[in-house]
>>> print(open('my_file-v3.cif').read())   # mmCIF, C-alpha atoms
data_my_file
#
loop_
_atom_site.label_atom_id
_atom_site.label_comp_id
_atom_site.auth_asym_id
_atom_site.auth_seq_id
_atom_site.Cartn_x
_atom_site.Cartn_y
_atom_site.Cartn_z
CA MET A 1 -79.43 132.58 26.92
CA GLU A 2 -79.98 133.14 30.58
CA LYS A 3 -77.42 135.09 32.57
CA LEU A 4 -77.57 133.30 35.91
CA ASN A 5 -74.69 133.17 38.38
CA PRO A 6 -72.61 130.08 37.50
CA MET A 7 -71.88 129.32 41.17
CA ILE A 8 -75.58 129.23 42.07
CA VAL A 9 -76.38 127.05 39.06
CA GLN A 10 -73.59 124.59 39.90
CA THR A 11 -74.56 124.48 43.59
CA LEU A 12 -78.21 123.78 42.76
CA GLY A 13 -77.11 121.07 40.35
CA GLY A 14 -74.95 119.52 43.08
CA VAL A 15 -77.80 119.54 45.64
CA LEU A 16 -80.19 117.90 43.17
CA LYS A 17 -77.54 115.31 42.38
CA LEU A 18 -77.22 114.44 46.08
CA LEU A 19 -80.97 113.83 46.17
CA ARG A 20 -80.74 111.72 43.01
CA LEU A 21 -82.84 114.29 41.17
CA ARG A 22 -82.19 115.89 37.84
CA PHE A 23 -83.50 119.13 36.40
CA ASP A 24 -85.06 118.88 32.95
CA PRO A 25 -84.09 122.19 31.33
CA GLU A 26 -84.83 123.42 27.84
CA PRO A 27 -82.16 121.79 25.65
CA ASP A 28 -81.32 124.98 23.75
CA VAL A 29 -80.82 127.30 26.72
CA CYS A 30 -77.43 127.91 28.34
CA PRO A 31 -78.23 129.07 31.91
CA THR A 32 -74.98 130.99 32.38
CA SER A 33 -74.34 132.28 28.84
CA ALA A 34 -71.11 130.31 28.89
CA ILE A 35 -70.94 129.53 25.19
CA THR A 36 -69.32 132.30 23.16
CA PRO A 37 -67.66 132.19 19.74
CA ASP A 38 -63.87 132.50 19.54
CA GLU A 39 -62.14 135.12 17.45
CA LEU A 40 -60.60 133.19 14.57
CA ALA A 41 -57.54 134.01 12.50
CA TRP A 42 -56.54 132.83 9.05
CA PRO A 43 -56.68 130.02 7.97
CA ARG A 44 -59.06 128.83 10.70
CA VAL A 45 -61.47 131.64 9.90
CA VAL A 46 -62.56 129.82 6.72
CA ARG A 47 -64.29 127.34 9.01
CA ARG A 48 -66.73 130.02 10.08
CA ALA A 49 -67.39 131.23 6.54
CA PHE A 50 -68.28 127.69 5.44
CA SER A 51 -70.09 126.59 8.59
CA ASP A 52 -72.05 129.55 9.94
CA PRO A 53 -75.02 130.43 7.71
CA LEU A 54 -75.21 133.94 9.17
CA VAL A 55 -71.76 134.84 7.87
CA THR A 56 -71.57 136.37 4.40
CA HIS A 57 -68.99 135.00 1.99
CA GLU A 58 -66.90 138.06 1.14
CA SER A 59 -66.06 136.64 -2.27
CA THR A 60 -69.68 136.44 -3.44
CA GLY A 61 -71.60 138.56 -0.96
CA VAL A 62 -74.05 135.70 -0.40
CA HIS A 63 -74.92 134.03 2.91
CA GLY A 64 -74.94 130.31 3.62
CA ARG A 65 -72.70 128.52 1.17
CA GLY A 66 -72.44 131.68 -0.90
CA THR A 67 -73.98 130.53 -4.16
CA GLU A 68 -76.83 131.78 -6.34
CA GLU A 69 -76.98 128.83 -8.78
CA VAL A 70 -80.22 128.84 -10.81
CA LYS A 71 -82.11 130.63 -8.07
CA THR A 72 -81.52 133.86 -9.98
CA ASN A 73 -81.24 132.28 -13.43
CA ASP A 74 -84.22 134.28 -14.69
CA VAL A 75 -82.11 137.41 -14.15
CA THR A 76 -78.51 136.26 -14.63
CA ARG A 77 -79.10 133.69 -17.44
CA ARG A 78 -76.25 131.77 -15.85
CA VAL A 79 -77.45 128.41 -17.16
CA GLY A 80 -78.83 128.59 -20.70
CA THR A 81 -80.85 126.22 -22.87
CA GLY A 82 -78.89 123.04 -23.56
CA GLU A 83 -76.62 123.68 -20.59
CA VAL A 84 -76.57 122.00 -17.19
CA GLY A 85 -75.45 123.58 -13.93
CA TYR A 86 -74.00 121.37 -11.21
CA VAL A 87 -73.79 121.92 -7.47
CA VAL A 88 -71.59 119.28 -5.89
CA GLU A 89 -71.81 119.70 -2.16
CA PHE A 90 -69.41 118.08 0.28
CA GLY A 91 -70.01 117.18 3.92
CA ARG A 92 -73.76 117.63 3.89
CA PRO A 93 -75.73 116.57 5.89
CA THR A 94 -73.80 117.51 9.06
CA VAL A 95 -70.90 115.10 8.42
CA GLY A 96 -68.37 117.80 7.51
CA VAL A 97 -65.43 117.79 5.13
CA ARG A 98 -61.81 118.93 4.88
CA PHE A 99 -60.70 121.10 1.97
CA ARG A 100 -58.17 118.40 1.11
CA ASP A 101 -61.05 116.11 0.14
CA ILE A 102 -62.74 118.84 -1.86
CA GLU A 103 -59.47 119.33 -3.75
CA THR A 104 -59.42 115.65 -4.69
CA MET A 105 -62.71 116.21 -6.50
CA THR A 106 -61.84 119.58 -8.06
CA ARG A 107 -58.57 118.22 -9.45
CA ALA A 108 -60.38 115.21 -10.92
CA LEU A 109 -63.01 117.44 -12.48
CA ALA A 110 -60.42 119.84 -13.86
CA GLY A 111 -58.76 116.78 -15.39
CA ILE A 112 -61.81 116.20 -17.59
CA GLY A 113 -61.91 119.81 -18.69
CA ILE A 114 -64.40 121.32 -16.22
CA GLU A 115 -64.33 125.10 -15.80
CA PHE A 116 -65.44 126.18 -12.34
CA GLU A 117 -68.01 128.90 -11.69
CA PRO A 118 -66.07 132.11 -10.90
CA LYS A 119 -68.78 133.48 -8.56
CA ASN A 120 -68.39 130.70 -6.04
CA PRO A 121 -66.51 130.79 -2.70
CA VAL A 122 -64.60 127.54 -3.32
CA THR A 123 -63.39 128.77 -6.71
CA HIS A 124 -62.06 131.87 -4.91
CA LEU A 125 -59.93 129.61 -2.72
CA MET A 126 -58.25 127.92 -5.69
CA SER A 127 -54.63 128.80 -6.29
CA ASP A 128 -54.94 127.40 -9.82
CA VAL A 129 -58.42 127.34 -11.31
CA LYS A 130 -57.24 125.42 -14.39
CA THR A 131 -56.08 122.41 -12.34
CA GLY A 132 -58.56 122.73 -9.46
CA LYS A 133 -55.72 123.19 -6.94
CA LEU A 134 -56.79 124.79 -3.65
CA ARG A 135 -54.59 127.00 -1.46
CA ASP A 136 -52.17 124.87 0.58
CA ASP A 137 -52.82 126.69 3.86
CA ILE A 138 -56.50 125.71 4.04
CA LEU A 139 -56.30 122.06 3.02
CA ASP A 140 -56.55 120.70 6.59
CA GLU A 141 -59.37 122.98 7.65
CA LYS A 142 -62.60 121.13 8.38
CA ILE A 143 -65.93 122.77 7.57
CA LEU A 144 -69.58 121.75 7.68
CA SER A 145 -70.11 121.93 3.94
CA ALA A 146 -69.02 123.59 0.73
CA ILE A 147 -70.27 123.65 -2.82
CA VAL A 148 -68.31 123.31 -6.04
CA GLU A 149 -70.19 124.77 -8.99
CA PHE A 150 -69.73 124.46 -12.72
CA LYS A 151 -71.68 123.96 -15.89
CA THR A 152 -71.39 121.83 -19.02
CA ARG A 153 -73.37 121.05 -22.14
CA ILE A 154 -76.18 118.55 -21.59
CA GLU A 155 -74.40 115.90 -23.70
CA THR A 156 -71.61 115.56 -21.14
CA VAL A 157 -73.90 114.95 -18.12
CA PRO A 158 -73.34 111.14 -18.00
CA ALA A 159 -69.54 111.50 -18.07
CA VAL A 160 -69.49 114.20 -15.41
CA LEU A 161 -71.86 112.44 -13.03
CA SER A 162 -69.92 109.23 -13.48
CA LYS A 163 -66.68 111.01 -12.55
CA VAL A 164 -68.29 112.64 -9.49
CA ASP A 165 -69.61 109.26 -8.36
CA GLU A 166 -66.24 107.57 -8.91
CA VAL A 167 -64.31 110.18 -6.89
CA SER A 168 -66.98 110.38 -4.15
CA ARG A 169 -66.42 106.71 -3.35
CA THR A 170 -62.82 107.52 -2.39
CA LEU A 171 -63.67 110.42 -0.05
CA PRO A 172 -64.21 110.02 3.72
CA THR A 173 -67.41 112.06 3.62
CA VAL A 174 -70.77 112.35 1.92
CA VAL A 175 -71.52 114.27 -1.25
CA ALA A 176 -74.86 115.73 -2.32
CA ILE A 177 -75.46 116.42 -6.00
CA GLY A 178 -77.79 118.92 -7.58
CA VAL A 179 -78.17 119.51 -11.30
CA SER A 180 -80.10 122.29 -12.94
CA THR A 181 -81.18 123.48 -16.33
CA ARG A 182 -83.18 126.15 -18.12
CA CYS A 183 -86.66 124.89 -18.97
CA GLU A 184 -88.46 125.08 -22.27
CA LYS A 185 -91.39 127.46 -22.80
CA ASP A 186 -93.89 124.79 -21.77
CA GLY A 187 -91.94 124.10 -18.56
CA GLY A 188 -90.42 120.91 -19.95
CA SER A 189 -86.88 119.90 -19.12
CA ALA A 190 -84.47 118.21 -21.53
CA LEU A 191 -82.44 117.06 -18.54
CA GLU A 192 -85.04 114.71 -17.09
CA PRO A 193 -84.74 111.93 -19.73
CA VAL A 194 -80.94 112.12 -19.48
CA LEU A 195 -81.04 111.66 -15.70
CA ALA A 196 -83.59 108.87 -15.98
CA ALA A 197 -81.41 107.08 -18.54
CA GLU A 198 -78.49 107.30 -16.11
CA GLY A 199 -80.59 105.66 -13.41
CA PHE A 200 -81.11 108.70 -11.20
CA SER A 201 -84.43 109.17 -9.49
CA PHE A 202 -85.46 112.66 -8.48
CA VAL A 203 -88.40 113.65 -6.38
CA ARG A 204 -87.37 116.92 -4.87
CA GLY A 205 -86.03 120.07 -6.41
CA LYS A 206 -86.07 123.79 -6.69
CA THR A 207 -88.18 125.57 -9.26
CA ASN A 208 -87.45 129.09 -10.47
CA LEU A 209 -90.74 130.69 -11.51
CA GLY A 210 -89.20 133.27 -13.83
CA LEU A 211 -90.62 136.32 -12.06
CA GLY A 212 -87.24 138.04 -11.67
CA ARG A 213 -85.99 140.75 -13.96
CA GLY A 214 -82.90 142.91 -14.25
CA VAL A 215 -83.27 146.58 -13.46
CA MET B 1 -81.21 128.28 -0.43
CA THR B 2 -79.46 125.16 -1.55
CA ASN B 3 -80.24 124.54 2.10
CA THR B 4 -83.73 123.43 1.02
CA LEU B 5 -82.69 121.27 -1.92
CA HIS B 6 -81.54 118.04 -0.34
CA ARG B 7 -84.27 117.25 2.17
CA TYR B 8 -84.47 113.57 2.89
CA GLY B 9 -87.68 111.61 2.41
CA SER B 10 -89.99 109.88 -0.03
CA GLY B 11 -92.26 111.83 -2.38
CA ASP B 12 -95.16 111.38 0.02
CA SER B 13 -93.04 112.76 2.84
CA PHE B 14 -93.06 116.18 1.16
CA LYS B 15 -96.84 116.46 0.89
CA ASP B 16 -96.85 119.25 3.50
CA ASP B 17 -93.56 120.88 2.58
CA TYR B 18 -93.33 123.89 0.27
CA ILE B 19 -90.73 126.62 0.65
CA VAL B 20 -91.20 129.77 -1.39
CA PHE B 21 -88.29 132.18 -1.38
CA ALA B 22 -87.22 135.43 -2.97
CA ILE B 23 -83.65 136.37 -3.82
CA PRO B 24 -82.10 139.32 -5.65
CA ALA B 25 -79.22 138.79 -8.09
CA ARG B 26 -76.09 140.32 -6.61
CA GLY B 27 -75.06 143.45 -8.51
CA ILE B 28 -78.00 143.30 -10.91
CA ASN B 29 -81.29 143.88 -9.14
CA ASP B 30 -80.30 144.13 -5.48
CA LYS B 31 -80.81 147.89 -5.26
CA GLY B 32 -84.11 148.55 -3.55
CA ALA B 33 -84.46 144.84 -2.78
CA VAL B 34 -85.02 145.42 0.93
CA GLU B 35 -88.46 146.96 0.47
CA LYS B 36 -89.41 144.28 -2.04
CA GLU B 37 -88.34 141.54 0.34
CA ARG B 38 -90.37 143.06 3.14
CA ARG B 39 -93.33 143.15 0.77
CA PHE B 40 -92.73 139.48 -0.07
CA LEU B 41 -92.89 138.59 3.62
CA GLU B 42 -95.98 140.74 4.21
CA ILE B 43 -97.79 138.97 1.37
CA ALA B 44 -96.60 135.61 2.71
CA ARG B 45 -97.96 136.38 6.17
CA GLU B 46 -101.46 136.75 4.73
CA HIS B 47 -101.35 133.11 3.65
CA ASN B 48 -100.50 131.61 7.06
CA PRO B 49 -96.99 130.24 6.62
CA VAL B 50 -95.72 127.76 9.20
CA ASN B 51 -92.33 129.46 9.27
CA MET B 52 -90.73 132.50 7.72
CA GLY B 53 -87.24 133.93 7.76
CA ASP B 54 -84.57 136.28 6.54
CA ALA B 55 -81.23 134.54 5.93
CA SER B 56 -79.28 137.46 7.45
CA HIS B 57 -81.25 138.16 10.61
CA GLY B 58 -83.19 135.10 11.62
CA ALA B 59 -86.57 133.49 11.52
CA VAL B 60 -89.91 133.30 13.25
CA PHE B 61 -88.44 130.74 15.64
CA ARG B 62 -85.21 132.23 16.96
CA PRO B 63 -82.94 132.09 19.97
CA SER B 64 -83.04 134.89 22.50
CA LYS B 65 -80.33 136.63 24.49
CA SER B 66 -82.71 137.64 27.24
CA LEU B 67 -84.41 134.68 28.88
CA ASN B 68 -85.34 134.09 32.50
CA PRO B 69 -85.54 130.76 34.40
CA LEU B 70 -89.30 130.49 33.80
CA VAL B 71 -88.52 129.64 30.19
CA HIS B 72 -87.88 126.05 31.32
CA TRP B 73 -91.56 125.71 32.26
CA TYR B 74 -93.21 128.09 29.83
CA ARG B 75 -91.87 128.78 26.35
CA ASN B 76 -93.88 131.05 24.12
CA LEU B 77 -94.47 129.19 20.83
CA LYS B 78 -96.41 132.06 19.23
CA ARG B 79 -95.10 132.94 15.79
CA ASP B 80 -93.76 136.49 15.61
CA PHE B 81 -93.91 137.42 11.92
CA GLU B 82 -93.62 141.15 12.54
CA THR B 83 -90.07 140.94 13.91
CA VAL B 84 -88.93 139.05 10.82
CA ILE B 85 -90.49 141.57 8.44
CA LYS B 86 -89.08 144.58 10.27
CA GLY B 87 -85.69 142.91 10.60
CA VAL B 88 -84.91 142.85 6.87
CA SER B 89 -82.25 145.53 6.41
CA CYS B 90 -80.03 144.37 3.55
CA PRO B 91 -80.48 142.42 0.30
CA THR B 92 -80.71 138.78 1.32
CA THR B 93 -82.82 135.68 0.82
CA VAL B 94 -86.25 135.67 2.41
CA ALA B 95 -88.36 132.55 2.68
CA ALA B 96 -91.81 131.38 3.73
CA VAL B 97 -92.74 127.77 4.43
CA PHE B 98 -96.22 126.43 3.72
CA ASP B 99 -97.84 123.13 4.58
CA ASN B 100 -100.48 123.03 1.84
CA PRO B 101 -100.49 123.61 -1.93
CA ASP B 102 -103.57 125.86 -1.90
CA ALA B 103 -101.75 128.49 0.15
CA VAL B 104 -98.77 128.28 -2.21
CA VAL B 105 -100.96 128.84 -5.28
CA ALA B 106 -102.71 131.82 -3.67
CA PHE B 107 -99.37 133.25 -2.52
CA VAL B 108 -97.77 132.92 -5.97
CA LYS B 109 -100.80 134.57 -7.58
CA ASP B 110 -100.38 137.52 -5.20
CA LEU B 111 -96.64 137.65 -5.95
CA ARG B 112 -97.40 137.84 -9.67
CA ALA B 113 -99.75 140.72 -9.06
CA ALA B 114 -97.19 142.48 -6.82
CA ASP B 115 -94.57 142.24 -9.61
CA LEU B 116 -91.59 142.57 -7.26
CA GLY B 117 -89.01 141.74 -9.92
CA LEU B 118 -87.05 139.47 -7.57
CA SER B 119 -86.36 135.85 -8.45
CA ILE B 120 -89.01 133.65 -6.85
CA ASN B 121 -88.32 129.95 -6.33
CA ILE B 122 -90.27 127.10 -4.80
CA SER B 123 -88.51 124.18 -3.19
CA GLY B 124 -90.51 120.99 -2.81
CA ALA B 125 -91.65 117.84 -4.59
CA LEU B 126 -91.10 118.74 -8.24
CA GLU B 127 -94.40 117.50 -9.66
CA LYS B 128 -96.47 119.18 -6.95
CA VAL B 129 -94.56 122.43 -7.37
CA GLN B 130 -95.07 122.43 -11.14
CA GLU B 131 -98.76 121.85 -10.53
CA CYS B 132 -98.86 124.84 -8.15
CA ALA B 133 -97.02 127.03 -10.66
CA ARG B 134 -99.45 126.13 -13.44
CA LEU B 135 -102.46 126.79 -11.23
CA ALA B 136 -100.97 130.22 -10.57
CA GLY B 137 -100.59 130.75 -14.33
CA LEU B 138 -96.83 130.24 -14.59
CA GLU B 139 -94.51 127.79 -16.32
CA ARG B 140 -91.19 127.11 -14.63
CA HIS B 141 -88.18 129.04 -15.92
CA SER B 142 -85.42 126.84 -14.52
CA VAL B 143 -85.30 123.76 -12.38
CA GLU B 144 -82.73 122.16 -10.10
CA TYR B 145 -82.94 118.46 -9.22
CA SER B 146 -81.70 116.90 -6.02
CA LEU B 147 -79.97 113.65 -6.95
CA GLY B 148 -79.45 112.70 -3.31
CA PHE B 149 -76.40 111.68 -1.33
CA ILE B 150 -73.46 109.56 -2.44
CA GLY B 151 -70.06 108.71 -0.97
CA GLN B 152 -69.70 107.42 2.60
CA THR B 153 -73.43 107.38 3.29
CA ASP B 154 -72.89 105.00 6.20
CA ARG B 155 -71.77 108.09 8.12
CA MET B 156 -75.30 109.45 7.91
CA ALA B 157 -78.07 108.81 10.43
CA ASP B 158 -81.19 106.65 10.18
CA ARG B 159 -84.12 107.61 7.93
CA ARG B 160 -86.27 109.40 10.53
CA THR B 161 -83.34 111.39 11.91
CA LEU B 162 -82.36 112.40 8.39
CA GLU B 163 -85.90 113.51 7.56
CA LEU B 164 -85.80 115.90 10.49
CA SER B 165 -82.16 116.97 10.40
CA THR B 166 -82.03 117.77 6.68
CA MET B 167 -84.78 120.35 7.08
CA CYS B 168 -81.93 122.68 7.94
CA GLY B 169 -79.61 122.23 4.97
CA HIS B 170 -76.92 124.33 6.64
CA GLY B 171 -76.40 121.50 9.13
CA MET B 172 -77.50 123.49 12.18
CA VAL B 173 -79.74 120.64 13.35
CA SER B 174 -77.38 117.84 14.28
CA PHE B 175 -78.20 114.14 14.18
CA ASN B 176 -77.61 113.72 17.91
CA PHE B 177 -79.86 116.63 18.82
CA VAL B 178 -82.67 115.16 16.72
CA ARG B 179 -82.17 111.77 18.39
CA LYS B 180 -82.28 113.40 21.81
CA LEU B 181 -85.55 115.20 21.10
CA MET B 182 -87.01 112.06 19.54
CA GLU B 183 -86.32 110.24 22.83
CA TRP B 184 -87.84 113.09 24.84
CA VAL B 185 -91.00 113.02 22.74
CA LYS B 186 -91.27 109.25 23.19
CA GLN B 187 -90.79 109.64 26.95
CA GLY B 188 -93.44 112.35 27.08
CA ARG B 189 -90.95 114.97 28.27
CA ARG B 190 -91.78 117.23 25.32
CA THR B 191 -94.74 117.39 22.94
CA PRO B 192 -94.12 117.10 19.18
CA GLU B 193 -94.96 120.83 18.89
CA GLN B 194 -92.41 121.80 21.54
CA ALA B 195 -89.73 119.55 20.04
CA SER B 196 -90.39 120.94 16.54
CA ALA B 197 -90.10 124.53 17.74
CA THR B 198 -86.85 123.70 19.54
CA LEU B 199 -85.35 122.29 16.36
CA ALA B 200 -86.67 125.23 14.31
CA ARG B 201 -84.81 127.71 16.54
CA PHE B 202 -81.51 126.39 15.19
CA CYS B 203 -82.49 127.11 11.58
CA SER B 204 -81.69 130.79 11.15
CA CYS B 205 -83.02 130.98 7.58
CA GLY B 206 -86.54 130.04 8.67
CA VAL B 207 -86.95 127.12 6.29
CA PHE B 208 -87.48 124.44 8.94
CA ASN B 209 -91.00 123.08 8.47
CA THR B 210 -92.54 122.65 11.92
CA THR B 211 -95.74 121.06 10.56
CA ARG B 212 -93.75 118.34 8.84
CA ALA B 213 -91.55 117.92 11.91
CA CYS B 214 -94.63 117.46 14.13
CA ARG B 215 -96.02 114.88 11.75
CA LEU B 216 -92.72 112.99 11.72
CA PHE B 217 -92.53 113.01 15.53
CA GLU B 218 -96.13 111.80 15.76
CA GLU B 219 -95.51 109.03 13.21
CA GLU B 220 -92.61 107.90 15.39
CA LEU B 221 -94.96 107.60 18.37
CA LYS B 222 -97.29 105.16 16.57
#
>>> encode(input="my_file-v3.cif", output="structure tokens")
Amino acid sequence: MEKLNPMIVQTLGGVLKLLRLRFDPEPDVCPTSAITPDELAWPRVVRRAFSDPLVTHESTGVHGRGTEEVKTNDVTRRVGTGEVGYVVEFGRPTVGVRFRDIETMTRALAGIGIEFEPKNPVTHLMSDVKTGKLRDDILDEKILSAIVEFKTRIETVPAVLSKVDEVSRTLPTVVAIGVSTRCEKDGGSALEPVLAAEGFSFVRGKTNLGLGRGV
Amino acid sequence: MTNTLHRYGSGDSFKDDYIVFAIPARGINDKGAVEKERRFLEIAREHNPVNMGDASHGAVFRPSKSLNPLVHWYRNLKRDFETVIKGVSCPTTVAAVFDNPDAVVAFVKDLRAADLGLSINISGALEKVQECARLAGLERHSVEYSLGFIGQTDRMADRRTLELSTMCGHGMVSFNFVRKLMEWVKQGRRTPEQASATLARFCSCGVFNTTRACRLFEEELK
């Protein structure tokens, strides 16, 4: 930010405009420091928690979207052998989503018996975790993205992914899916053939090297 | 760091994209994590990362509250690793981005020797990452696969814009801003290096890969 006098900046801009000239400033610099964040009150404040990566989610104590997933699986053992962790992310990339649309998915998933990860910010906003119902006062709030997390046995992967795909088609936003598992001792993954059989291709991912340990 | 999972591109597009990050488990091994995270970043610095960051306090490329008008003609693109390392003050996620697998292997070997006890993850093309892990003497403990985007994908941008924009998974690099800088690079108003650094300043976690961004801008010029 620069802290220039707004009147001088506007006058200079006006003079250049008269001469049919235009200044070519750095695109990420506000010359007069005019852009400042508003103080938000509930329920609008949830927008910041789910849109500003520098804000910590109070429910989980984690920045960003507030999830640890399998990033700490070597310490937490959250996802065990034969289990699959899911991260279903709404609104990413940069499209955004309303909680009402997230609730459509969580209710559908709860309908097939999914139990949501308790250490997840969206789960904390559920008024009924059994049915996937979110608090009524946040349903119209729009955020950049949010993640719904849960895990199942590996045998149920096709049914769950099919349900997520079916519901996603009805939502006015985009959905990104990540699935994770604990690897075998030789680094092999029982999940890969299942995903391949379901027609998913996967190039990119996140690999936990197993160097973490509890104190 | 799900913010590194869903980068858009083909397998070949990730040939210069490796993000190594350290994270403590909340309530389990986060006591004393600050020193360990600083150590992680110090070790990373020795292997010439292209970017580095602390999810709570910012990255190598960061905005500033004290600029003067000369910044429009001269912007310092020098990477300031020291500020990032000193800035770590609470348990958080710290990350380093590399543009070649050799540096990743050497870094992971050093991390093994340092025995920090934090969870270490690598985000990148799965096969390449597994290769790096094995060369460093490790087998992967857990793995997370990106299955891509579904739903109303027509609301997303074109391929090149997505490749650049999704390098900040928190959505801090908007489609329109990428398009604008793409035009500026084509018009010669900014170099690929300058445009990449500008985009990287919006990614507070420090996982934006400026080498890959430069390559993508240059490919667009051909």
>>> resolve_selection(input="my_file-v3.cif", expression="the PyMOL selection byres ((chain A) within 6 of (chain B))", output="ChimeraX atom specification")
/A:1-2,25-26,54,72,93-94,168-169,173-183,187,202-215
>>> atom_distance(input="my_file-v3.cif", atom1="atom CA of A:Leu4", atom2="atom CA of A:Phe23")
15.4 Å
>>> residues_around(input="my_file-v3.cif", residues="stretch 139-155 of chain A", least_positions_apart="3", cutoff="7 Å", atoms="all atoms listed in the file", output="number ranges by chain")
A: 44, 47, 50-51, 65, 82-92, 94-100, 115-117, 120, 122, 135-136; B: 171
>>> residues_around(input="my_file-v3.cif", residues="A:Ser162", least_positions_apart="3", cutoff="12 Å", atoms="all atoms listed in the file", output="number ranges by chain")
A: 108-109, 112, 156-159, 165-169, 177, 195, 198-200; B: 150
>>> atom_distance(input="my_file-v3.cif", atom1="atom CA of B:Glu37", atom2="atom CA of B:Lys78")
22.6 Å
>>> atom_distance(input="my_file-v3.cif", atom1="atom CA of A:Leu171", atom2="atom CA of A:Glu103")
10.5 Å
>>> residues_around(input="my_file-v3.cif", residues="B:Arg212", least_positions_apart="4", cutoff="7 Å", atoms="all atoms listed in the file", output="NGL selection string")
:B and (16-17 or 216)
>>> residues_around(input="my_file-v3.cif", residues="B:Phe81", least_positions_apart="2", cutoff="6 Å", atoms="all atoms listed in the file", output="PyMOL selection string")
chain B and resi 60+83-84
>>> closest_residue(input="my_file-v3.cif", among="B:Asp102, B:Glu42, B:Glu35, B:Glu82", to="B:Lys15", atoms="only C-alpha atoms")
B:Asp102
>>> residues_around(input="my_file-v3.cif", residues="B:Asp80", least_positions_apart="4", cutoff="12 Å", atoms="only C-alpha atoms", output="count of residues only")
18
>>> residues_near_point(input="my_file-v3.cif", point="(-93.2, 125.2, 9.8)", cutoff="6 Å", atoms="only C-alpha atoms", output="list in words")
Val50, Asn51, Val97, Phe208, Asn209, Thr210 and Thr211 of chain B
>>> resolve_selection(input="my_file-v3.cif", expression="the PyMOL selection byres ((chain B and resi 105) around 8)", output="list in words")
Pro101, Asp102, Ala103, Val104, Ala106, Phe107, Val108, Lys109, Cys132, Ala133, Leu135 and Ala136 of chain B
>>> closest_residue(input="my_file-v3.cif", among="B:Ala113, B:Ala213, B:Ala200, B:Leu221", to="A:Asp28", atoms="only C-alpha atoms")
B:Ala200
